Every structure is written in C-alpha cells, then in structure tokens.
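Source file: structure_10.txt (compact mmCIF, C-alpha atoms)
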```txt
# COMPACT_ATOMS: atom_id res chain seq x y z
CA MET D 1 106.29 75.34 28.79
CA THR D 2 106.78 77.19 25.49
CA GLY D 3 106.04 74.10 23.39
CA PRO D 4 102.68 72.67 22.42
CA VAL D 5 100.24 71.81 25.19
CA ALA D 6 97.90 68.81 25.03
CA ILE D 7 94.19 69.63 25.22
CA ALA D 8 91.05 67.54 24.96
CA LEU D 9 87.71 69.19 24.42
CA ASP D 10 84.29 68.69 22.90
CA ILE D 11 83.54 70.57 19.69
CA ASN D 12 80.03 70.34 18.25
CA GLY D 13 79.54 67.06 20.09
CA GLU D 14 82.78 65.45 18.94
CA ARG D 15 85.79 64.86 21.13
CA VAL D 16 88.90 66.58 19.84
CA ASP D 17 92.44 65.89 21.07
CA ALA D 18 95.11 68.32 19.98
CA HIS D 19 98.48 69.82 20.76
CA VAL D 20 98.41 73.59 20.58
CA LEU D 21 100.87 76.41 21.13
CA PRO D 22 99.87 78.65 24.05
CA ARG D 23 99.50 81.71 21.80
CA LEU D 24 96.89 80.04 19.57
CA ASN D 25 93.44 81.52 20.12
CA LEU D 26 90.22 79.55 19.81
CA ALA D 27 89.18 81.26 16.55
CA ASP D 28 92.40 80.26 14.82
CA PHE D 29 92.25 76.78 16.35
CA LEU D 30 88.78 76.29 14.86
CA ARG D 31 89.65 77.76 11.49
CA GLU D 32 93.22 76.62 10.89
CA HIS D 33 93.37 73.32 12.74
CA LEU D 34 89.82 72.05 12.42
CA LYS D 35 88.84 73.83 9.19
CA LEU D 36 85.66 75.10 10.86
CA THR D 37 85.75 78.33 8.90
CA GLY D 38 82.22 79.51 9.71
CA THR D 39 83.72 81.33 12.69
CA HIS D 40 85.04 84.57 11.21
CA VAL D 41 87.96 86.64 12.40
CA GLY D 42 87.46 90.38 12.18
CA CYS D 43 89.25 92.67 14.60
CA GLU D 44 91.04 90.14 16.86
CA HIS D 45 90.58 92.29 19.93
CA GLY D 46 87.00 91.76 20.97
CA PHE D 47 85.24 94.66 19.27
CA CYS D 48 83.50 93.24 16.22
CA GLY D 49 81.82 90.01 17.39
CA ALA D 50 82.39 88.12 14.10
CA CYS D 51 84.17 85.31 15.98
CA THR D 52 81.37 84.66 18.51
CA VAL D 53 80.99 81.00 19.52
CA ARG D 54 79.55 79.14 22.50
CA VAL D 55 81.76 77.77 25.26
CA ASN D 56 80.00 75.68 27.90
CA GLY D 57 76.70 77.13 26.73
CA ASP D 58 77.68 80.82 26.92
CA ILE D 59 78.51 82.99 23.93
CA VAL D 60 82.10 84.26 23.96
CA ARG D 61 84.64 85.93 21.71
CA SER D 62 86.80 83.16 20.31
CA CYS D 63 89.59 85.65 19.54
CA LEU D 64 89.83 86.41 23.27
CA ILE D 65 90.20 82.85 24.49
CA LEU D 66 93.31 80.73 24.15
CA ALA D 67 92.80 77.18 22.97
CA VAL D 68 94.84 75.99 25.98
CA GLN D 69 92.24 77.52 28.31
CA LEU D 70 89.61 75.15 26.93
CA HIS D 71 90.90 71.82 28.16
CA GLY D 72 87.76 69.91 29.16
CA ALA D 73 85.38 72.52 27.72
CA SER D 74 82.46 72.11 25.36
CA VAL D 75 82.48 74.38 22.31
CA GLN D 76 79.68 74.96 19.81
CA THR D 77 80.36 76.80 16.59
CA ILE D 78 78.03 78.10 13.91
CA GLU D 79 78.51 74.76 12.09
CA GLY D 80 77.16 72.94 15.16
CA LEU D 81 74.13 75.19 15.54
CA SER D 82 73.42 75.07 11.84
CA ASP D 83 73.83 71.30 11.38
CA SER D 84 71.67 70.46 14.39
CA GLY D 85 68.82 72.59 13.02
CA GLU D 86 68.72 74.64 16.20
CA ILE D 87 68.68 77.91 14.28
CA ALA D 88 67.13 76.79 10.98
CA ASP D 89 64.18 79.17 11.46
CA LEU D 90 66.44 82.09 12.38
CA GLN D 91 68.62 81.45 9.33
CA ALA D 92 65.55 81.31 7.06
CA VAL D 93 64.23 84.61 8.40
CA PHE D 94 67.67 86.23 8.04
CA ARG D 95 67.49 85.28 4.36
CA ASP D 96 63.88 86.40 3.91
CA ARG D 97 64.47 89.74 5.60
CA ASN D 98 67.74 90.51 3.80
CA ALA D 99 69.46 90.57 7.17
CA LEU D 100 72.80 89.91 5.52
CA GLN D 101 74.69 91.19 2.55
CA CYS D 102 78.35 90.19 2.53
CA GLY D 103 77.74 87.65 5.30
CA TYR D 104 80.94 88.31 7.21
CA CYS D 105 79.20 89.20 10.48
CA THR D 106 76.35 86.72 10.04
CA PRO D 107 77.70 83.72 12.00
CA GLY D 108 78.39 85.98 14.98
CA MET D 109 75.01 87.70 14.62
CA LEU D 110 73.21 84.35 14.55
CA MET D 111 75.14 83.19 17.63
CA ALA D 112 74.29 86.35 19.59
CA ALA D 113 70.66 86.40 18.40
CA GLN D 114 70.07 82.75 19.34
CA ASP D 115 71.65 83.43 22.74
CA LEU D 116 69.12 86.20 23.36
CA LEU D 117 66.15 84.16 22.13
CA LYS D 118 67.08 81.33 24.48
CA GLN D 119 67.21 83.71 27.43
CA GLN D 120 64.19 85.81 26.60
CA PRO D 121 61.46 84.42 24.32
CA GLU D 122 59.94 87.72 23.20
CA PRO D 123 62.42 90.56 23.48
CA ASP D 124 61.46 94.02 22.28
CA ARG D 125 63.56 95.83 19.67
CA GLU D 126 65.48 97.78 22.29
CA ARG D 127 66.49 94.56 24.04
CA ILE D 128 67.51 93.00 20.71
CA ARG D 129 69.68 96.02 19.93
CA GLU D 130 71.27 95.82 23.34
CA HIS D 131 72.09 92.13 23.02
CA LEU D 132 73.54 92.55 19.55
CA SER D 133 75.42 95.72 20.51
CA GLY D 134 78.72 93.83 20.53
CA ASN D 135 78.35 92.68 16.91
CA TYR D 136 79.30 94.96 14.06
CA CYS D 137 77.65 94.78 10.65
CA ARG D 138 79.05 97.10 7.97
CA CYS D 139 76.41 96.31 5.30
CA THR D 140 72.85 96.22 6.53
CA GLY D 141 72.44 99.20 8.82
CA TYR D 142 71.13 96.71 11.40
CA GLN D 143 67.41 97.39 10.85
CA SER D 144 66.85 94.22 8.87
CA ILE D 145 68.83 92.18 11.41
CA ILE D 146 66.64 93.48 14.23
CA ASP D 147 63.58 92.74 12.05
CA ALA D 148 64.75 89.16 11.53
CA VAL D 149 65.37 88.50 15.21
CA GLU D 150 62.05 90.07 16.17
CA THR D 151 60.21 88.03 13.54
CA THR D 152 61.86 84.78 14.66
CA ALA D 153 60.91 85.52 18.26
CA ARG D 154 57.29 86.08 17.25
CA MET D 155 57.20 82.91 15.18
CA ARG D 156 58.68 80.83 17.99
CA ALA D 157 56.06 82.23 20.36
CA GLY D 158 53.39 80.94 17.99
CA HIS D 159 52.43 84.29 16.45
CA ARG D 160 52.22 84.91 12.75
CA PRO D 161 55.32 86.69 11.42
CA MET R 1 97.08 90.79 15.06
CA LYS R 2 98.12 87.73 17.00
CA ALA R 3 99.80 87.62 20.40
CA SER R 4 103.52 86.96 20.37
CA ALA R 5 104.76 83.63 21.72
CA PHE R 6 104.71 83.02 25.46
CA SER R 7 104.94 80.17 27.92
CA TYR R 8 101.80 79.00 29.64
CA ALA R 9 101.23 77.62 33.12
CA ARG R 10 97.88 76.52 34.50
CA ALA R 11 98.04 77.36 38.20
CA SER R 12 96.86 74.57 40.48
CA SER R 13 96.43 76.80 43.54
CA VAL R 14 96.93 80.41 44.63
CA ALA R 15 100.21 79.31 46.25
CA ASN R 16 101.35 77.75 42.97
CA ALA R 17 100.47 80.92 41.05
CA LEU R 18 102.38 83.04 43.59
CA GLU R 19 105.47 80.82 43.20
CA LEU R 20 105.41 81.36 39.44
CA LEU R 21 104.98 85.11 39.87
CA ALA R 22 107.82 85.19 42.41
CA ALA R 23 110.10 83.54 39.85
CA TYR R 24 109.10 85.63 36.84
CA GLY R 25 108.15 89.01 38.37
CA ASP R 26 106.97 91.52 35.78
CA ARG R 27 107.81 89.16 32.90
CA ALA R 28 104.67 87.20 33.86
CA LYS R 29 100.99 88.16 33.58
CA VAL R 30 98.04 86.66 35.40
CA LEU R 31 95.22 85.45 33.12
CA SER R 32 91.70 85.25 34.54
CA GLY R 33 88.93 85.92 31.99
CA GLY R 34 91.36 87.44 29.51
CA GLN R 35 88.96 90.06 28.18
CA SER R 36 91.39 92.92 28.76
CA LEU R 37 94.68 91.01 28.76
CA LEU R 38 94.20 89.15 25.48
CA PRO R 39 93.21 92.23 23.44
CA ALA R 40 96.32 93.97 24.79
CA MET R 41 98.42 90.95 23.83
CA ASN R 42 96.80 90.61 20.39
CA LEU R 43 97.57 94.28 19.76
CA ARG R 44 101.13 93.60 21.01
CA LEU R 45 100.79 96.33 23.59
CA ILE R 46 102.23 93.79 25.99
CA SER R 47 104.22 90.62 25.37
CA PRO R 48 104.59 88.67 28.60
CA GLU R 49 107.07 85.80 28.76
CA LEU R 50 104.78 83.69 30.93
CA ILE R 51 101.02 83.55 31.29
CA VAL R 52 99.84 82.25 34.65
CA ASP R 53 96.28 81.03 34.08
CA ILE R 54 94.30 81.18 37.33
CA GLY R 55 91.04 80.36 35.55
CA GLU R 56 90.62 76.99 37.22
CA LEU R 57 91.00 78.21 40.81
CA ASN R 58 87.36 77.80 41.73
CA GLU R 59 88.02 78.92 45.29
CA LEU R 60 88.35 82.46 43.86
CA ARG R 61 84.81 82.38 42.42
CA GLY R 62 81.50 83.44 43.92
CA VAL R 63 79.64 85.93 46.11
CA VAL R 64 79.24 85.44 49.86
CA VAL R 65 77.42 87.70 52.31
CA GLU R 66 78.76 87.47 55.85
CA GLY R 67 77.20 89.84 58.37
CA ASP R 68 77.52 93.30 56.89
CA ILE R 69 80.19 92.39 54.33
CA ILE R 70 79.73 91.16 50.76
CA ARG R 71 82.79 89.26 49.59
CA ILE R 72 83.21 88.76 45.85
CA GLY R 73 85.86 86.35 44.61
CA ALA R 74 88.22 87.73 41.97
CA LEU R 75 87.20 85.16 39.35
CA THR R 76 83.50 85.97 39.61
CA ARG R 77 82.40 86.75 36.06
CA HIS R 78 80.49 89.89 35.15
CA VAL R 79 77.50 87.77 34.12
CA ASP R 80 77.49 86.07 37.54
CA LEU R 81 77.46 89.45 39.28
CA GLN R 82 74.70 90.64 36.97
CA ARG R 83 72.53 87.65 37.90
CA SER R 84 73.43 87.52 41.60
CA LEU R 85 70.42 88.13 43.83
CA GLN R 86 72.77 88.90 46.72
CA VAL R 87 74.52 91.62 44.73
CA ALA R 88 71.14 93.01 43.61
CA ALA R 89 69.93 93.07 47.23
CA HIS R 90 73.04 94.51 48.86
CA ALA R 91 74.99 96.34 46.14
CA PRO R 92 72.42 97.33 43.48
CA LEU R 93 74.88 99.95 42.17
CA LEU R 94 77.02 97.09 40.94
CA THR R 95 74.09 95.28 39.29
CA GLU R 96 73.20 98.44 37.41
CA ALA R 97 76.78 99.20 36.41
CA ILE R 98 77.51 95.69 35.13
CA ALA R 99 74.87 96.06 32.43
CA GLN R 100 77.09 98.79 30.92
CA VAL R 101 80.27 96.70 31.04
CA ALA R 102 81.00 95.66 27.46
CA HIS R 103 78.70 93.17 25.71
CA PRO R 104 77.13 89.82 26.66
CA ALA R 105 79.89 87.70 25.07
CA ILE R 106 82.53 89.65 27.01
CA ARG R 107 80.56 89.58 30.27
CA ASN R 108 80.44 85.79 29.99
CA ARG R 109 84.24 85.64 30.35
CA GLY R 110 85.40 88.86 32.01
CA THR R 111 85.96 88.81 35.76
CA ILE R 112 85.78 91.47 38.46
CA GLY R 113 89.35 90.77 39.56
CA GLY R 114 90.62 91.07 36.03
CA SER R 115 88.81 94.35 35.43
CA LEU R 116 90.12 95.88 38.67
CA ALA R 117 93.70 94.68 38.19
CA HIS R 118 93.66 95.98 34.61
CA ALA R 119 92.53 99.41 35.92
CA ASP R 120 91.35 101.07 32.75
CA PRO R 121 90.32 104.55 33.92
CA ALA R 122 87.29 104.47 31.59
CA SER R 123 85.92 101.21 32.96
CA GLU R 124 82.94 100.96 35.30
CA LEU R 125 83.94 98.55 38.05
CA PRO R 126 86.92 100.48 39.47
CA ALA R 127 84.66 103.51 39.98
CA CYS R 128 82.02 101.31 41.66
CA MET R 129 84.67 100.00 44.07
CA VAL R 130 85.56 103.57 45.01
CA ALA R 131 81.91 104.63 45.39
CA LEU R 132 81.07 101.55 47.45
CA ASN R 133 84.14 102.00 49.67
CA ALA R 134 85.38 98.53 48.80
CA THR R 135 88.42 96.82 50.22
CA ILE R 136 90.57 94.98 47.71
CA ILE R 137 92.37 91.89 48.93
CA ALA R 138 95.66 90.88 47.39
CA SER R 139 97.72 87.80 48.08
CA GLY R 140 101.48 87.91 47.73
CA PRO R 141 104.73 86.38 48.95
CA ASN R 142 104.23 87.98 52.38
CA GLY R 143 100.61 86.90 52.80
CA GLU R 144 97.42 88.87 52.33
CA ARG R 145 97.11 92.62 52.08
CA ARG R 146 93.96 94.73 52.27
CA ILE R 147 93.83 97.92 50.21
CA LEU R 148 91.07 100.53 50.21
CA GLY R 149 89.43 100.96 46.81
CA ALA R 150 90.19 104.68 46.79
CA GLU R 151 93.92 103.94 47.25
CA PHE R 152 94.16 100.93 44.95
CA PHE R 153 94.04 102.74 41.59
CA LYS R 154 97.20 104.68 40.79
CA GLY R 155 96.98 105.66 37.13
CA ILE R 156 96.22 104.36 33.66
CA TYR R 157 96.52 100.54 33.93
CA GLU R 158 98.37 101.10 37.20
CA THR R 159 97.40 99.79 40.63
CA GLU R 160 98.86 99.15 44.07
CA LEU R 161 99.44 95.50 43.11
CA SER R 162 103.07 94.44 42.76
CA PRO R 163 104.05 91.99 39.99
CA GLN R 164 104.29 89.28 42.68
CA GLU R 165 100.72 89.75 43.94
CA ILE R 166 97.33 88.43 42.83
CA LEU R 167 94.03 90.16 43.48
CA ILE R 168 91.95 87.45 45.14
CA ALA R 169 88.73 89.15 46.31
CA VAL R 170 86.92 92.38 47.08
CA GLU R 171 84.85 93.14 50.14
CA LEU R 172 82.03 95.65 50.11
CA PRO R 173 80.29 96.97 53.21
CA VAL R 174 76.54 96.30 52.99
CA PRO R 175 75.05 99.79 52.67
CA PRO R 176 72.56 100.86 55.39
CA LYS R 177 68.83 100.68 54.67
CA ASN R 178 68.37 104.32 53.71
CA SER R 179 71.05 104.10 51.01
CA VAL R 180 70.46 105.06 47.42
CA HIS R 181 72.67 104.78 44.39
CA PHE R 182 73.08 106.31 40.95
CA PHE R 183 74.92 105.10 37.87
CA ASP R 184 75.13 106.70 34.46
CA GLU R 185 77.63 107.05 31.67
CA PHE R 186 78.02 108.52 28.22
CA ALA R 187 79.33 106.14 25.55
CA ARG R 188 79.24 106.09 21.77
CA ARG R 189 77.63 102.66 21.71
CA GLN R 190 75.98 100.53 24.39
CA GLY R 191 78.78 98.63 26.12
CA ASP R 192 81.69 100.74 24.92
CA TYR R 193 84.14 102.32 27.29
CA ALA R 194 82.66 105.48 28.75
CA ILE R 195 83.43 108.98 27.52
CA ALA R 196 82.41 110.12 31.00
CA GLY R 197 80.66 108.28 33.81
CA LEU R 198 79.53 108.45 37.41
CA ALA R 199 78.98 105.79 40.08
CA ALA R 200 77.46 107.22 43.27
CA GLN R 201 76.35 105.83 46.60
CA ALA R 202 74.54 107.98 49.16
CA ILE R 203 72.60 107.92 52.41
CA VAL R 204 69.43 110.00 52.47
CA GLU R 205 68.01 111.43 55.69
CA GLY R 206 64.82 113.40 55.26
CA ALA R 207 65.34 115.75 52.33
CA MET R 208 69.12 115.79 52.73
CA LEU R 209 72.11 113.67 51.87
CA ALA R 210 73.77 112.37 55.04
CA ASP R 211 76.61 110.84 53.04
CA LEU R 212 77.60 111.01 49.39
CA ARG R 213 80.38 109.19 47.54
CA MET R 214 80.62 110.17 43.88
CA ALA R 215 83.21 108.29 41.83
CA PHE R 216 83.69 109.76 38.37
CA PHE R 217 85.36 107.68 35.66
CA ALA R 218 86.92 108.36 32.25
CA LEU R 219 87.57 111.81 33.70
CA GLY R 220 91.15 111.35 34.84
CA ASN R 221 93.86 108.72 34.95
CA ARG R 222 91.90 106.73 37.58
CA PRO R 223 88.48 106.88 39.23
CA VAL R 224 88.05 110.21 41.02
CA LEU R 225 86.23 110.32 44.35
CA ALA R 226 84.87 113.86 44.10
CA LYS R 227 85.79 116.07 47.05
CA ALA R 228 83.19 118.54 45.75
CA ALA R 229 80.46 116.10 46.80
CA LYS R 230 81.17 116.98 50.45
CA SER R 231 79.56 120.37 49.96
CA LEU R 232 76.28 118.61 49.14
CA VAL R 233 76.13 116.66 52.41
CA GLY R 234 73.97 117.86 55.30
CA VAL R 235 72.67 120.94 53.51
CA ALA R 236 69.44 121.82 51.74
CA ILE R 237 70.41 121.52 48.11
CA THR R 238 69.34 124.40 45.90
CA PRO R 239 70.32 124.95 42.26
CA ALA R 240 72.87 127.51 43.54
CA VAL R 241 74.45 124.99 45.94
CA LEU R 242 74.60 122.41 43.17
CA SER R 243 76.11 124.81 40.70
CA GLU R 244 78.85 125.74 43.20
CA ALA R 245 79.58 122.05 43.75
CA SER R 246 79.85 121.36 40.03
CA ALA R 247 82.16 124.36 39.57
CA ALA R 248 84.38 122.88 42.30
CA LEU R 249 84.12 119.44 40.69
CA VAL R 250 85.60 120.47 37.34
CA GLU R 251 88.51 122.08 39.18
CA GLU R 252 89.54 118.73 40.64
CA LEU R 253 89.19 116.77 37.38
CA ASP R 254 92.03 116.39 34.89
CA PRO R 255 90.37 114.65 31.94
CA GLN R 256 92.23 113.37 28.89
CA GLN R 257 91.60 114.52 25.39
CA ASP R 258 91.20 111.77 22.80
CA GLN R 259 89.35 111.02 19.57
CA GLN R 260 86.09 110.64 21.49
CA ALA R 261 86.00 113.92 23.38
CA SER R 262 87.97 117.01 24.29
CA ALA R 263 88.88 117.69 27.90
CA SER R 264 86.37 120.53 28.09
CA MET R 265 83.58 118.34 26.73
CA ARG R 266 84.41 115.77 29.42
CA ARG R 267 84.29 118.48 32.12
CA HIS R 268 80.90 119.55 30.82
CA LEU R 269 79.63 115.95 30.89
CA ALA R 270 80.90 115.57 34.47
CA LYS R 271 78.74 118.53 35.51
CA VAL R 272 75.74 117.03 33.72
CA LEU R 273 76.32 113.72 35.49
CA MET R 274 76.61 115.40 38.87
CA ALA R 275 73.30 117.24 38.37
CA ARG R 276 71.56 114.10 37.13
CA GLY R 277 73.00 112.12 40.02
CA VAL R 278 71.98 114.51 42.78
CA ALA R 279 68.51 114.95 41.25
CA ALA R 280 68.03 111.18 41.07
CA LEU R 281 69.46 110.42 44.52
CA LEU R 282 67.14 112.94 46.18
CA ASP R 283 64.28 112.35 43.75
CA ARG R 284 64.36 116.06 42.93
CA PRO R 285 63.91 116.42 39.14
CA ASP R 286 63.96 120.22 39.60
CA LEU R 287 67.72 120.04 40.26
CA ASN R 288 68.39 118.62 36.80
CA ARG R 289 66.93 121.51 34.80
CA GLY R 290 69.20 122.55 32.00
CA GLY R 291 71.37 119.49 32.58
CA SER R 292 71.38 118.40 29.01
CA ALA R 293 74.38 116.63 27.55
```
Final structure tokens representation of the file:
Amino acid sequence: MTGPVAIALDINGERVDAHVLPRLNLADFLREHLKLTGTHVGCEHGFCGACTVRVNGDIVRSCLILAVQLHGASVQTIEGLSDSGEIADLQAVFRDRNALQCGYCTPGMLMAAQDLLKQQPEPDRERIREHLSGNYCRCTGYQSIIDAVETTARMRAGHRP
Amino acid sequence: MKASAFSYARASSVANALELLAAYGDRAKVLSGGQSLLPAMNLRLISPELIVDIGELNELRGVVVEGDIIRIGALTRHVDLQRSLQVAAHAPLLTEAIAQVAHPAIRNRGTIGGSLAHADPASELPACMVALNATIIASGPNGERRILGAEFFKGIYETELSPQEILIAVELPVPPKNSVHFFDEFARRQGDYAIAGLAAQAIVEGAMLADLRMAFFALGNRPVLAKAAKSLVGVAITPAVLSEASAALVEELDPQQDQQASASMRRHLAKVLMARGVAALLDRPDLNRGGSA
C-alpha cells in the first residue's frame, strides 16, 4: 500500500494514466509530473488560494487533495481554461485594469473569479470580495482585481465596461 | 511543506474502513474531504501511517428529513449543506453558519463529518451541533453509538470518537415553528477561523424566550453551551437582566490567548455577541445599545 497507486483521470479534456505515491498532492502532480506549471504553490495548507483548480466542475485547493483521491475525476487547470478561450475576456480585463503585478496569485484569482461569474452573472463588489476572500494577493491591494471582475461581469451582461 | 509518506487505502464500505481502523488503531486517520486533515499533514503536525479514504462511500452523503429529524450524512460537503433547501427550511442556523466556514474552494471539498471529527474549537459547525442539540452517530467495532452534541466535543481536536470509530451521520431535531436562530462571529477576514463566535437557537413565546441554547466558539477548548443563557429564559429581559447574564457568561468561559486576541478581548467579544444575539432573537434592538465590538 505504500508504493505507487495507479490512477486514471481526465485533465483538461485529455485522459491521463499515472502511478503516484499516496503523499503526492494534486498541485505537485500537475506541476512536477505533467509540467502544468500554471497552477502555483504558495502556502501548501489551504490559506493562499494560488493552487486553485477545478475538480468535477468545482473550484478546489489542489494542495489539499491527493492525486490518488482523483481516480476517475475530471480536472481543469488554468491552462485548460486559458486554451479553451473560456476566460479570454477576463484575462484581457485583468491586463487592462492592472489586476496583476507579479502574477503569482493570478491563476488562482482567475479560477475563483470565473467560478463566481458562472454562478452569478452580475455580482456586486461585496459579493466579489466574498468569493475571492480565499485568495491572497500581495501586490495589488485587491481593488484592481475587484474592478476587473466587476468589469468582466458587466461586459458579459452586455453593458459597456 | 509536504506530508510525510503514508500508506493509502480506499475504503469500499463502512465495514471495510472499520476493519482497517481496527488493525491500525491510532496509527491510521480517516480521510473524507481532507480540508483539515491535509493541512495538518502538510504542516507535519500529524504523520499517520495509513490513510483510510472514505470519500467514495456515497451512502454517507446527503440530507434526509424523516418526521421531525433531519439526518445529514457525514460526507455531505459544506457546499451541499449551503445549497440544501431542506437544511434552509428546517435548520436555517446551519445555512447561515456555513457561509462563514472557510472559502468557496474549501467548502467544495470539506465535509460536515470531517469538520466535527476534527473538532477545532474555533470552527463553526461544532457549535451549531451543540446549539441545535444534535446527535452524532458513530460506527465502530461494536456497532453504532449515538452521542449528544454537547458531550461529543472534549477539547482541542479531541472528541468522544475512539480511533476505531467513524462518524457516519448527525441527526438534528426539526425545531418547532416558533423557533428563531442567531449566528455571528468575529474574524480577521471573511472565512477565517473565528476570534469569537456564537451559534444560538431559541423558542420565542410572546415577548419572552421559552428556550435558549447559546453555543459560543473560539472561547474555550470546545464549544461552550452557556449556562448563563438559562437566566434569560421565561423572564422579561431588561438591560439589567442581560448585563447580569453576560457577567455570568464570562465567568464560565476560559478563552485562549493567541496572536489574534487576548483572553480578555475574547471575553469582551463574548458579551457583545450575547447582547447582539438576544437583541436579534427577540427583535429588540434596544438591548444591543453600547454593544460595540
């Protein structure tokens, strides 16, 4: 039971078969084994949100899930969301609004923001803050991130930015 | 940091999980959502030899209302509770409290059973179980055992559960029609562990409280069902009555001091919460004058 465990899962629409040690978390599996390094590792205990990915459609902390728990699961990373164009508008507004500086938190921020916008088309600023409350940014002071999410929501609802 | 090496077993049934726990005892840990266990393992606060993953035991998932009992399976995620219409209808205290439990990405994985078995004294759900007079159901080598919420929590990360037992469900009595609830907490950031918090469930008759269960959290080594609340039941509540009750309340609390707050600040916040709670439960804003944090 200590040795590698076979898992098969779907990552960004591609089937992946792997043998993983039980202690390997999803973030390290993505980064080290699959070279999907858009998922960032910050605190490794669930506080910072930099490692946020989607599992079976829900955002989760990839540092708090073991790869062995994901046999049969469907995972979407920032690479998947970016390549499919799902968040192209959100990414563009993040750039326009200076909603990132060093970029370390950005993949997690985009994941959490897109999750909110899917659930609630036009959230107010308070709701945006609440939904992003689990994601730390040490550069921007958050205002520009909230601006970007609010602007994207307005654009998607057909308003002018 | 990364967790140290361990063996992993995916339990195929509750019986299978219990067999593994019987063999390994306290060298094993049960994994449900992992949102408390994995941080503790990544920080190397604990290094179990075996992880028993019960995450695929779907029979432990879901909310069922039967007569005047709401039964919540241990693997029910926080997000499922938050969205459950049955929970909103019959245990609105829980719906309100869940919104303060961590952040969306954590609520998508964390489970009620995991939170209760972990028993962090600053977490919301243990206090809700005490306020709602829940019964916690554990399965072990000798069958099932039912434990009252108020007796389940023993100390910091310490419960009535033995290393051979698994928490499988909780049962809440459906509150009567004239019930009201109150939930509030102080935290540095939305979703963080509370500095001080209160989950309360009450029955209102006329202008009085016919029953009042106030469970304070982050104010001791486990949720505290305030004895002082008894003095607020069946009497006309005046500011003087309330102030006597809150003086008695701080006597029965033994809060910790940490980097977030001193013990005396926590006692002060407990009084503020009590005043806010009573004022809200009775819809008497006059009772909350001067109750600033």
How many Å separate atom CA of R:Gly34 from atom CA of D:His71? 15.7 Å
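Neighbouring residues of stretch 169-181 of chain R at 8 Å or closer, counting only C-alpha atoms and skipping chain neighbours under 3 positions away, are Leu60, Asp68, Ile69, Ile70, Arg71, Ile72, Gly73, Ala74, His90, Ala91, Pro92, Leu93, Gly113, Met129, Leu132, Asn133, Ala134, Thr135, Ile136, Ile137, Ala138, Ala199, Ala200, Gln201, Ala202, Ile203, Val204, Glu205 and Leu281 of chain R.
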For chain R, work out the contacting residues on chain D at 9 Å, counting all atoms listed in the file, and write them as number ranges by chain. D: 1-3, 5, 21-25, 43-46, 49, 52-54, 58-61, 63-66, 68-69, 112, 129-135
State, in Å with one decimal place, the distance from atom CA of R:Ser12 to atom CA of D:Arg15.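 Result for atom CA of R:Ser12 versus atom CA of D:Arg15: 24.3 Å, one decimal.
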For R:Lys227, list every protein, DNA or RNA residue within 9 Å, evaluated using all atoms listed in the file, and leave out those in the same chain fewer than 2 positions away; present the list as a PDB file with C-alpha atoms, keeping the file's coordinate frame.
```pdb
ATOM      1  CA  ARG R 213      80.380 109.190  47.540  1.00  0.00           C
ATOM      2  CA  MET R 214      80.620 110.170  43.880  1.00  0.00           C
ATOM      3  CA  VAL R 224      88.050 110.210  41.020  1.00  0.00           C
ATOM      4  CA  LEU R 225      86.230 110.320  44.350  1.00  0.00           C
ATOM      5  CA  ALA R 229      80.460 116.100  46.800  1.00  0.00           C
ATOM      6  CA  LYS R 230      81.170 116.980  50.450  1.00  0.00           C
ATOM      7  CA  SER R 231      79.560 120.370  49.960  1.00  0.00           C
ATOM      8  CA  ALA R 248      84.380 122.880  42.300  1.00  0.00           C
ATOM      9  CA  LEU R 249      84.120 119.440  40.690  1.00  0.00           C
ATOM     10  CA  GLU R 252      89.540 118.730  40.640  1.00  0.00           C
TER      11      GLU R 252
END
```
Counting only C-alpha atoms, the option among D:Asp115, D:Asp83, D:Asp96, D:Asp124 closest to D:Pro161: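 Looking only at the distances to D:Pro161, the closest residue turns out to be D:Asp96.
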Find the residue from D:Val93, D:Leu36, D:Ala8, D:Val149 that sits nearest to D:Leu116; use all atoms listed in the file when measuring. D:Val149
Within 6 Å of file point (73.7, 90.5, 49.2), counting all atoms listed in the file, expressed as a tab-separated table (two decimals) with C-alpha atoms, in the coordinates of the input:
```
chain	number	residue	atom	x	y	z
R	65	VAL	CA	77.42	87.70	52.31
R	86	GLN	CA	72.77	88.90	46.72
R	87	VAL	CA	74.52	91.62	44.73
R	89	ALA	CA	69.93	93.07	47.23
R	90	HIS	CA	73.04	94.51	48.86
```
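Between atom CA of R:Ala131 and atom CA of R:Ala215 the interatomic distance comes to 5.3 Å.
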From D:Val55, D:Ala6, D:Met155, D:Ile145, residue lying nearest D:Gln101 [only C-alpha atoms]: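 Comparing D:Val55, D:Ala6, D:Met155, D:Ile145 against D:Gln101, the winner is D:Ile145.
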Counting all atoms listed in the file, the option among R:Lys154, R:Arg266, R:Arg284, R:Arg222 closest to R:Phe186: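 Going through R:Lys154, R:Arg266, R:Arg284, R:Arg222 one by one, the smallest distance to R:Phe186 is for R:Arg266.
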